[in-house]
Amino acid sequence: MADTAWEWDETLYAGSASHYSVGRMPYPPSLAEAVGKELGLDGTGRLLDVGCGPGSVTLLFAPLVEAAVGVDADQGMINEARRRASEVGVTNVEWRHLRAEALPADLGTFRVATFAQSFHWMDRPLVTRRVRDMLAPGGAWVHVGANTHQGVTGDDLLPYPRPPWQQIDDLVASYLGPVRRAGQGWLPSGTPGGEEEIMRQAGFTGPTRITVDQGMVVERGVDEVASAVFSLSSSAPHLFADRLPAFEADLRHLLSEAAQDGRFAERRRGIDVVIWRP
């Protein structure tokens, strides 16, 4: 970990699951299309989505495989994933509440393992070894790197104002302090890097890199941006304790003042896909 004082705990995303579904910009169909083409996904085989959250990638990729399993350490995320799967009629996904470190958990073998904005929260060397052993011959490990809670900064003209992210960060800091929170601990240096070295040490080869969805402009409402804030581990609802109503009132006032007709616009960041082979 980047900060050895930090240890994972079950409160990391407590209360964030429903906000995650609303506040995070959805992954575009072009992500599944690009990965499906690269891997030759044809409706056969199984997919394992590790740290699946509310199923954002699992549900997007599910039509490309025969069956999928989404695992997450947060029960709220699993509950939200089940709800969303039912809502969109996806029936070929099994949801499991467990930490990645508990794999293989008798789940069997898989053609593809996906990690979307999740790997940095895990015991990465341990999880890498265990998931590698779960991949079938010819299988692939897919990292999806993205920032889906906010877009890129810039001065280009958009149809609505950009959300006031710096002011939002300042407001969070005024309630929670200047050091980034994460569960019951802190991450003053942010989440760790060094992913490529870990993958190579575990015997993976590659990688193949793909970037999709660069520059798309999306419109967002006040509710969506407020939920984006609560979807973050650094500003999850539980961190505010009894000050949560006051913070949310201040946040919504800030957003309402900055919006135009209740709307914002952002230019999405590109989604970086890194594919490794065992």
# chains A, B, ... in the order shown; residues from 1 in each chain; ligands from 1
$ residues_around --residues "A:Asp9" --least-positions-apart "3" --cutoff "12 Å" --atoms "only C-alpha atoms" --output "PyMOL selection string"
chain A and resi 6+12-14+73-74+99+121-122+182-186+233
$ write_last_selection --atoms "C-alpha atoms" --output "mmCIF file, in the first residue's frame"
data_model
loop_
_atom_site.group_PDB
_atom_site.id
_atom_site.type_symbol
_atom_site.label_atom_id
_atom_site.label_comp_id
_atom_site.auth_asym_id
_atom_site.auth_seq_id
_atom_site.Cartn_x
_atom_site.Cartn_y
_atom_site.Cartn_z
ATOM 1 C CA TRP A 6 -3.877 2.159 6.205
ATOM 2 C CA LEU A 12 -14.593 1.666 3.118
ATOM 3 C CA TYR A 13 -17.687 2.259 0.972
ATOM 4 C CA ALA A 14 -20.369 2.013 3.652
ATOM 5 C CA ALA A 73 -16.341 -6.975 -0.126
ATOM 6 C CA ASP A 74 -19.219 -4.555 0.501
ATOM 7 C CA ARG A 99 -13.131 -10.082 -0.352
ATOM 8 C CA TRP A 121 -7.802 -1.618 -2.512
ATOM 9 C CA MET A 122 -6.555 -5.210 -2.349
ATOM 10 C CA ALA A 182 -10.496 5.780 3.576
ATOM 11 C CA GLY A 183 -12.711 3.673 5.813
ATOM 12 C CA GLN A 184 -11.522 4.099 9.390
ATOM 13 C CA GLY A 185 -8.083 5.238 8.236
ATOM 14 C CA TRP A 186 -6.341 7.802 6.051
ATOM 15 C CA SER A 233 -14.362 6.315 -0.295
#
$ residues_around --residues "A:Thr148" --least-positions-apart "2" --cutoff "9 Å" --atoms "only C-alpha atoms" --output "PyMOL selection string"
chain A and resi 23-27+146+150-151+228+268-269+271
$ atom_distance --atom1 "atom CA of A:Val69" --atom2 "atom CA of A:Val93"
5.4 Å
$ residues_around --residues "A:Gly55" --least-positions-apart "2" --cutoff "12 Å" --atoms "only C-alpha atoms" --output "PyMOL selection string"
chain A and resi 17-18+20-21+24+26-27+48-53+57-62+68-72+76-86+88+90+93-96+114-116
$ residues_around --residues "stretch 160-168 of chain A" --least-positions-apart "2" --cutoff "7 Å" --atoms "only C-alpha atoms" --output "ChimeraX atom specification"
/A:158,170-172,258-260,263-266
$ closest_residue --among "A:Tyr175, A:Ala113, A:Leu31, A:Asn92" --to "A:Pro237" --atoms "only C-alpha atoms"
A:Tyr175
$ closest_residue --among "A:Asp133, A:Asp123, A:Glu7, A:Asp156" --to "A:Gly215" --atoms "only C-alpha atoms"
A:Asp156
$ select_by_dssp --residues "stretch 87-262 of chain A" --states "alpha helix (DSSP H)" --output "PyMOL selection string"
chain A and resi 87-88+124-134+165-176+195-201+222-230+244-258
$ closest_residue --among "A:Val131, A:Ala236, A:Val142, A:Val65" --to "A:Asp42" --atoms "only C-alpha atoms"
A:Val65
$ atom_distance --atom1 "atom CA of A:Arg129" --atom2 "atom CA of A:Val274"
17.4 Å
$ residues_around --residues "A:Ala173" --least-positions-apart "6" --cutoff "12 Å" --atoms "only C-alpha atoms" --output "PyMOL selection string"
chain A and resi 166-167+179-181+234-235+239-240+247
$ select_by_dssp --residues "stretch 83-271 of chain A" --states "strand (DSSP E)" --output "CSV table (one decimal) with N, CA, C and O atoms, in the first residue's frame"
chain,number,residue,atom,x,y,z
A,93,VAL,N,-25.7,-13.8,-14.2
A,93,VAL,CA,-24.6,-13.3,-13.3
A,93,VAL,C,-25.0,-13.8,-11.9
A,93,VAL,O,-26.1,-13.7,-11.4
A,94,GLU,N,-24.0,-14.4,-11.2
A,94,GLU,CA,-24.0,-14.7,-9.8
A,94,GLU,C,-23.3,-13.7,-9.0
A,94,GLU,O,-22.2,-13.3,-9.4
A,95,TRP,N,-23.9,-13.2,-7.9
A,95,TRP,CA,-23.2,-12.2,-7.1
A,95,TRP,C,-22.8,-12.8,-5.7
A,95,TRP,O,-23.5,-13.5,-5.1
A,96,ARG,N,-21.5,-12.5,-5.4
A,96,ARG,CA,-21.0,-13.1,-4.1
A,96,ARG,C,-20.4,-12.0,-3.3
A,96,ARG,O,-19.6,-11.2,-3.7
A,97,HIS,N,-20.7,-12.0,-2.0
A,97,HIS,CA,-20.2,-11.1,-1.0
A,97,HIS,C,-18.9,-11.7,-0.4
A,97,HIS,O,-19.0,-12.5,0.5
A,110,PHE,N,-12.2,-19.4,-15.1
A,110,PHE,CA,-12.8,-18.3,-15.9
A,110,PHE,C,-12.0,-18.0,-17.1
A,110,PHE,O,-10.8,-18.1,-17.1
A,111,ARG,N,-12.7,-17.5,-18.1
A,111,ARG,CA,-12.0,-17.0,-19.4
A,111,ARG,C,-11.4,-15.6,-19.2
A,111,ARG,O,-10.4,-15.3,-19.8
A,112,VAL,N,-12.1,-14.8,-18.4
A,112,VAL,CA,-11.7,-13.4,-18.2
A,112,VAL,C,-11.9,-13.0,-16.8
A,112,VAL,O,-12.9,-13.4,-16.1
A,113,ALA,N,-11.0,-12.3,-16.2
A,113,ALA,CA,-11.1,-11.6,-14.9
A,113,ALA,C,-11.0,-10.1,-15.1
A,113,ALA,O,-10.0,-9.7,-15.7
A,114,THR,N,-12.0,-9.4,-14.6
A,114,THR,CA,-11.9,-7.9,-14.8
A,114,THR,C,-11.8,-7.3,-13.4
A,114,THR,O,-12.3,-7.7,-12.4
A,115,PHE,N,-11.0,-6.2,-13.4
A,115,PHE,CA,-10.9,-5.3,-12.2
A,115,PHE,C,-11.1,-3.9,-12.7
A,115,PHE,O,-10.3,-3.4,-13.5
A,116,ALA,N,-12.1,-3.3,-12.2
A,116,ALA,CA,-12.5,-1.9,-12.6
A,116,ALA,C,-12.4,-1.0,-11.4
A,116,ALA,O,-13.3,-1.0,-10.6
A,135,LEU,N,-7.7,-18.5,-14.0
A,135,LEU,CA,-7.9,-18.3,-15.4
A,135,LEU,C,-7.6,-19.6,-16.2
A,135,LEU,O,-6.6,-20.3,-16.0
A,136,ALA,N,-8.5,-19.8,-17.1
A,136,ALA,CA,-8.4,-21.0,-18.0
A,136,ALA,C,-7.3,-20.7,-19.0
A,136,ALA,O,-6.9,-19.6,-19.2
A,137,PRO,N,-6.7,-21.8,-19.6
A,137,PRO,CA,-5.7,-21.6,-20.7
A,137,PRO,C,-6.2,-20.6,-21.7
A,137,PRO,O,-7.4,-20.8,-22.2
A,138,GLY,N,-5.4,-19.6,-22.1
A,138,GLY,CA,-5.9,-18.7,-23.1
A,138,GLY,C,-6.7,-17.5,-22.5
A,138,GLY,O,-7.2,-16.7,-23.2
A,139,GLY,N,-6.8,-17.5,-21.2
A,139,GLY,CA,-7.6,-16.5,-20.5
A,139,GLY,C,-6.9,-15.1,-20.4
A,139,GLY,O,-5.8,-15.0,-20.9
A,140,ALA,N,-7.6,-14.2,-19.8
A,140,ALA,CA,-7.1,-12.8,-19.8
A,140,ALA,C,-7.5,-12.1,-18.5
A,140,ALA,O,-8.6,-12.3,-18.0
A,141,TRP,N,-6.6,-11.3,-18.0
A,141,TRP,CA,-6.9,-10.4,-16.9
A,141,TRP,C,-7.1,-9.0,-17.5
A,141,TRP,O,-6.2,-8.5,-18.2
A,142,VAL,N,-8.2,-8.3,-17.2
A,142,VAL,CA,-8.5,-7.0,-17.8
A,142,VAL,C,-8.6,-5.9,-16.7
A,142,VAL,O,-9.5,-6.0,-15.8
A,143,HIS,N,-7.7,-5.0,-16.7
A,143,HIS,CA,-7.8,-3.8,-15.8
A,143,HIS,C,-8.6,-2.7,-16.5
A,143,HIS,O,-8.2,-2.4,-17.6
A,144,VAL,N,-9.6,-2.2,-15.9
A,144,VAL,CA,-10.3,-1.0,-16.4
A,144,VAL,C,-10.0,0.2,-15.5
A,144,VAL,O,-10.4,0.3,-14.4
A,145,GLY,N,-9.2,1.1,-16.1
A,145,GLY,CA,-8.8,2.3,-15.3
A,145,GLY,C,-9.6,3.5,-15.8
A,145,GLY,O,-9.6,3.8,-17.0
A,181,ARG,N,-9.5,10.5,3.6
A,181,ARG,CA,-10.0,9.5,4.4
A,181,ARG,C,-10.3,8.2,3.6
A,181,ARG,O,-10.5,8.3,2.3
A,182,ALA,N,-10.2,7.1,4.2
A,182,ALA,CA,-10.5,5.8,3.6
A,182,ALA,C,-10.9,4.8,4.7
A,182,ALA,O,-10.1,4.3,5.4
A,185,GLY,N,-9.4,4.7,8.3
A,185,GLY,CA,-8.1,5.2,8.2
A,185,GLY,C,-7.9,6.4,7.3
A,185,GLY,O,-8.9,7.0,6.9
A,186,TRP,N,-6.7,6.7,6.9
A,186,TRP,CA,-6.3,7.8,6.1
A,186,TRP,C,-5.4,7.3,5.0
A,186,TRP,O,-4.6,6.4,5.2
A,205,THR,N,2.0,-11.8,-18.9
A,205,THR,CA,2.8,-11.2,-20.0
A,205,THR,C,1.9,-10.2,-20.6
A,205,THR,O,0.7,-10.2,-20.5
A,206,GLY,N,2.5,-9.3,-21.3
A,206,GLY,CA,1.8,-8.2,-21.9
A,206,GLY,C,2.4,-6.9,-21.4
A,206,GLY,O,3.6,-6.8,-21.1
A,207,PRO,N,1.6,-5.8,-21.4
A,207,PRO,CA,0.2,-5.8,-21.6
A,207,PRO,C,-0.2,-5.3,-23.0
A,207,PRO,O,0.6,-4.8,-23.7
A,208,THR,N,-1.5,-5.5,-23.3
A,208,THR,CA,-2.1,-4.9,-24.5
A,208,THR,C,-2.9,-3.7,-23.9
A,208,THR,O,-3.6,-3.9,-22.9
A,209,ARG,N,-2.8,-2.5,-24.5
A,209,ARG,CA,-3.5,-1.3,-24.0
A,209,ARG,C,-4.5,-0.8,-25.0
A,209,ARG,O,-4.2,-0.7,-26.2
A,210,ILE,N,-5.7,-0.4,-24.5
A,210,ILE,CA,-6.7,0.2,-25.3
A,210,ILE,C,-7.3,1.4,-24.6
A,210,ILE,O,-7.4,1.4,-23.3
A,211,THR,N,-7.6,2.4,-25.3
A,211,THR,CA,-8.3,3.6,-24.7
A,211,THR,C,-9.5,3.8,-25.4
A,211,THR,O,-9.6,3.9,-26.7
A,212,VAL,N,-10.6,4.0,-24.7
A,212,VAL,CA,-11.9,4.3,-25.3
A,212,VAL,C,-12.6,5.5,-24.6
A,212,VAL,O,-12.2,5.9,-23.6
A,217,VAL,N,-18.9,14.5,-24.2
A,217,VAL,CA,-19.5,15.5,-23.3
A,217,VAL,C,-20.8,14.9,-22.7
A,217,VAL,O,-21.6,14.4,-23.5
A,218,VAL,N,-20.9,15.0,-21.4
A,218,VAL,CA,-22.1,14.5,-20.8
A,218,VAL,C,-22.7,15.6,-19.9
A,218,VAL,O,-22.0,16.4,-19.4
A,219,GLU,N,-24.0,15.6,-19.8
A,219,GLU,CA,-24.7,16.5,-18.9
A,219,GLU,C,-25.1,15.8,-17.6
A,219,GLU,O,-25.5,14.6,-17.6
A,220,ARG,N,-25.1,16.5,-16.5
A,220,ARG,CA,-25.3,15.9,-15.2
A,220,ARG,C,-26.1,16.9,-14.3
A,220,ARG,O,-25.9,18.1,-14.4
A,221,GLY,N,-27.0,16.3,-13.5
A,221,GLY,CA,-27.8,17.1,-12.7
A,221,GLY,C,-27.2,17.3,-11.3
A,221,GLY,O,-26.2,16.6,-11.0
A,263,ARG,N,-28.3,22.1,-14.1
A,263,ARG,CA,-27.5,21.2,-14.9
A,263,ARG,C,-26.0,21.6,-14.9
A,263,ARG,O,-25.7,22.8,-14.8
A,264,PHE,N,-25.2,20.6,-15.1
A,264,PHE,CA,-23.8,20.7,-15.3
A,264,PHE,C,-23.4,20.0,-16.6
A,264,PHE,O,-24.2,19.1,-17.1
A,265,ALA,N,-22.2,20.2,-17.1
A,265,ALA,CA,-21.7,19.5,-18.2
A,265,ALA,C,-20.2,19.2,-17.9
A,265,ALA,O,-19.5,20.0,-17.3
A,266,GLU,N,-19.8,18.0,-18.4
A,266,GLU,CA,-18.4,17.6,-18.2
A,266,GLU,C,-17.9,16.9,-19.5
A,266,GLU,O,-18.7,16.2,-20.1
A,267,ARG,N,-16.6,16.9,-19.7
A,267,ARG,CA,-16.0,16.1,-20.8
A,267,ARG,C,-15.4,14.9,-20.1
A,267,ARG,O,-14.5,15.0,-19.3
A,271,ILE,N,-11.1,6.0,-20.9
A,271,ILE,CA,-11.1,4.8,-20.1
A,271,ILE,C,-9.9,4.0,-20.6
A,271,ILE,O,-9.9,3.6,-21.8
$ atom_distance --atom1 "atom CA of A:Glu87" --atom2 "atom CA of A:Pro54"
12.4 Å
$ closest_residue --among "A:Glu38, A:Asp250, A:Glu197, A:Asp169" --to "A:Arg124" --atoms "only C-alpha atoms"
A:Glu197
